[in-house]
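What follows is the content of my_file14.cif (mmCIF, C-alpha atoms).
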data_final
loop_
_atom_site.label_atom_id
_atom_site.label_comp_id
_atom_site.auth_asym_id
_atom_site.auth_seq_id
_atom_site.Cartn_x
_atom_site.Cartn_y
_atom_site.Cartn_z
CA MET O 168 -2.44 -30.41 7.76
CA PRO O 169 1.01 -28.82 7.32
CA LEU O 170 1.06 -25.28 6.05
CA VAL O 171 3.32 -24.10 3.28
CA SER O 172 5.99 -21.79 4.63
CA LEU O 173 6.45 -18.35 3.15
CA PRO O 174 9.10 -18.19 0.46
CA GLN O 175 12.48 -16.75 1.30
CA LEU O 176 13.05 -14.76 -1.88
CA SER O 177 15.50 -11.97 -2.37
CA GLU O 178 14.27 -8.71 -3.87
CA GLN O 179 16.32 -9.59 -6.97
CA SER O 180 14.29 -12.78 -7.50
CA PHE O 181 11.06 -10.78 -7.62
CA TYR O 182 12.23 -9.14 -10.80
CA SER O 183 13.69 -12.21 -12.50
CA ASP O 184 10.26 -13.81 -12.91
CA PRO O 185 7.61 -11.14 -13.49
CA LYS O 186 4.72 -13.56 -12.95
CA LEU O 187 5.80 -14.12 -9.34
CA THR O 188 4.42 -10.71 -8.49
CA PHE O 189 2.10 -9.70 -11.30
CA ASP O 190 0.52 -11.21 -14.39
CA PRO O 191 -0.30 -8.41 -16.85
CA GLN O 192 -2.52 -10.81 -18.82
CA VAL O 193 -5.03 -10.73 -15.96
CA CYS O 194 -5.24 -6.94 -16.17
CA ASP O 195 -5.36 -7.01 -19.96
CA ASN O 196 -8.37 -9.29 -19.65
CA TYR O 197 -10.12 -6.80 -17.32
CA ARG O 198 -9.57 -4.04 -19.86
CA LYS O 199 -10.92 -6.17 -22.71
CA ARG O 200 -13.88 -7.51 -20.79
CA PHE O 201 -15.02 -4.35 -19.00
CA GLY O 202 -13.66 -1.66 -21.29
CA GLU O 203 -10.61 0.51 -20.87
CA LYS O 204 -11.95 2.93 -18.26
CA ARG O 205 -13.67 0.39 -16.02
CA GLY O 206 -10.85 -2.15 -16.41
CA LEU O 207 -8.29 0.42 -15.28
CA ALA O 208 -10.55 1.39 -12.37
CA LEU O 209 -10.63 -2.25 -11.22
CA ILE O 210 -6.84 -2.52 -11.43
CA GLU O 211 -6.38 0.73 -9.53
CA ALA O 212 -8.86 -0.40 -6.86
CA ALA O 213 -6.90 -3.62 -6.31
CA GLN O 214 -3.67 -1.60 -6.20
CA SER O 215 -5.15 0.77 -3.63
CA SER O 216 -6.41 -2.15 -1.56
CA LEU O 217 -2.90 -3.65 -1.47
CA ARG O 218 -1.52 -0.40 -0.06
CA LYS O 219 -4.30 -0.08 2.52
CA GLN O 220 -4.12 -3.67 3.69
CA ALA O 221 -0.33 -3.61 3.94
CA THR O 222 -0.71 -0.67 6.31
CA GLU O 223 -3.45 -2.52 8.21
CA LEU O 224 -1.18 -5.55 8.58
CA GLN O 225 1.68 -3.41 9.90
CA GLU O 226 -0.60 -1.68 12.39
CA GLY O 227 -2.18 -4.95 13.48
CA PHE O 228 1.23 -6.53 13.96
CA ALA O 229 2.47 -3.54 15.97
CA SER O 230 -0.51 -3.84 18.33
CA GLN O 231 -0.63 -7.67 18.11
CA ASP O 232 -4.29 -7.50 17.05
CA GLN O 233 -4.95 -11.00 15.72
CA GLU O 234 -8.29 -10.07 14.16
CA GLN O 235 -6.84 -7.07 12.32
CA MET O 236 -3.85 -9.10 11.11
CA THR O 237 -6.09 -11.92 9.86
CA ARG O 238 -8.46 -9.53 8.11
CA ALA O 239 -5.57 -7.68 6.45
CA VAL O 240 -3.94 -10.82 5.03
CA HIS O 241 -7.34 -12.08 3.87
CA CYS O 242 -7.88 -8.84 1.93
CA LEU O 243 -4.31 -8.95 0.61
CA LYS O 244 -5.04 -12.44 -0.67
CA SER O 245 -8.09 -11.21 -2.58
CA SER O 246 -6.35 -8.18 -4.06
CA ALA O 247 -3.40 -10.32 -5.11
CA ALA O 248 -5.74 -12.71 -6.91
CA ASN O 249 -7.40 -9.78 -8.67
CA LEU O 250 -4.00 -8.71 -9.99
CA GLY O 251 -2.83 -12.17 -10.97
CA SER O 252 -0.12 -12.25 -8.29
CA SER O 253 -0.17 -15.92 -7.43
CA GLN O 254 2.91 -15.80 -5.17
CA LEU O 255 1.45 -12.99 -3.08
CA ARG O 256 -1.92 -14.73 -2.93
CA LEU O 257 -0.39 -18.01 -1.76
CA SER O 258 1.82 -16.29 0.82
CA ALA O 259 -1.11 -14.27 2.19
CA GLU O 260 -3.23 -17.41 2.33
CA SER O 261 -0.55 -19.27 4.27
CA LEU O 262 -0.19 -16.44 6.77
CA GLU O 263 -3.97 -16.12 7.06
CA HIS O 264 -4.25 -19.78 8.07
CA ARG O 265 -1.53 -19.37 10.68
CA TYR O 266 -3.16 -16.26 12.12
CA MET O 267 -6.54 -17.98 12.24
CA GLN O 268 -4.88 -20.75 14.26
CA GLY O 269 -3.25 -18.18 16.51
CA THR O 270 0.29 -19.13 15.48
CA ASP O 271 3.20 -16.95 14.37
CA LEU O 272 1.51 -13.80 15.66
CA THR O 273 4.79 -12.37 16.95
CA ASP O 274 7.01 -13.61 14.11
CA LEU O 275 8.10 -10.57 12.09
CA GLU O 276 9.85 -12.54 9.33
CA PRO O 277 6.72 -13.72 7.46
CA VAL O 278 5.20 -10.24 7.72
CA GLU O 279 8.32 -8.70 6.23
CA ALA O 280 8.37 -11.32 3.45
CA LEU O 281 4.72 -10.65 2.64
CA LEU O 282 5.24 -6.88 2.65
CA ALA O 283 8.20 -7.30 0.29
CA LEU O 284 5.91 -9.19 -2.08
CA VAL O 285 3.31 -6.44 -1.79
CA LYS O 286 5.93 -3.82 -2.62
CA ALA O 287 7.20 -5.79 -5.62
CA THR O 288 3.64 -6.29 -6.87
CA LEU O 289 2.83 -2.60 -6.50
CA LEU O 290 5.95 -1.69 -8.48
CA LYS O 291 4.98 -4.08 -11.28
CA VAL O 292 1.38 -2.84 -11.37
CA GLN O 293 2.51 0.79 -11.47
CA SER O 294 4.91 -0.03 -14.31
CA TYR O 295 2.03 -1.70 -16.16
CA LEU O 296 -0.23 1.32 -15.65
CA ASN O 297 2.48 3.72 -16.80
CA ALA O 298 3.15 1.78 -20.02
#

How would this structure read if it were set down as structure tokens?
Amino acid sequence: MPLVSLPQLSEQSFYSDPKLTFDPQVCDNYRKRFGEKRGLALIEAAQSSLRKQATELQEGFASQDQEQMTRAVHCLKSSAANLGSSQLRLSAESLEHRYMQGTDLTDLEPVEALLALVKATLLKVQSYLNA
């Protein structure tokens, strides 16, 4: 089964369509469903996980640790879904499948593209939290 390649998006394109990186409606729903304090805690936990797993991916790539790389993109996929970042989720899922197959382990380009999506998502989430 062919895998979807990671998108080649410029940083400018991340900001032209806010839902590429973050859907505030998802977070609004957390706040309504679980209450303000707990909803914000869930959002902040997902945000923290994105930061941690981005670092894990970078470290795993530097040491070419396939297991660490696969685990990091799997967790990035989950955190992205929790924040309503469908583009990040799909990109992480694609890279996860490739890593599970043992392909593209030394290709820096998809890692950089994924990390750019993480950064854009974190910026959008922080903007949401500061509003």

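Atom CA of O:Lys291 to atom CA of O:Thr188 spans 7.2 Å [interatomic distance, one decimal].
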
Quick one: apply the PyMOL selection byres ((chain O and resi 273-280) around 12) to the file and drop the selected residues here as number ranges by chain.
O: 171-178, 181, 221-233, 236-237, 239-240, 243, 254-255, 258-263, 265-266, 269-272, 281-287

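The closest residue to O:Lys219, picked from O:Arg238, O:Arg256, O:Lys204, O:His264 and counting only C-alpha atoms, is O:Arg238.
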
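The space between atom CA of O:Leu290 and atom CA of O:Met267 spans 29.2 Å.
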
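Shortest separation to O:Glu211 among O:Lys244, O:Gln192, O:Tyr197, O:Ser253 occurs at residue O:Tyr197, atoms counted being only C-alpha atoms.
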
From the set O:Gln220, O:Ser252, O:Gln235, O:Gln214, which residue has the shortest atom-to-atom contact distance to O:Val193, counting all atoms listed in the file?
O:Ser252

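Taking atom CA of O:Ser294 and atom CA of O:Leu250 as endpoints, the distance between them is 13.2 Å.
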
Select all residues near (0.6, -7.4, -20.7) (cut-off 12 Å, inclusive, file coordinates), counting all atoms listed in the file, and output them as a PyMOL selection string.
chain O and resi 185-186+189-199+250-251+291-292+294-298
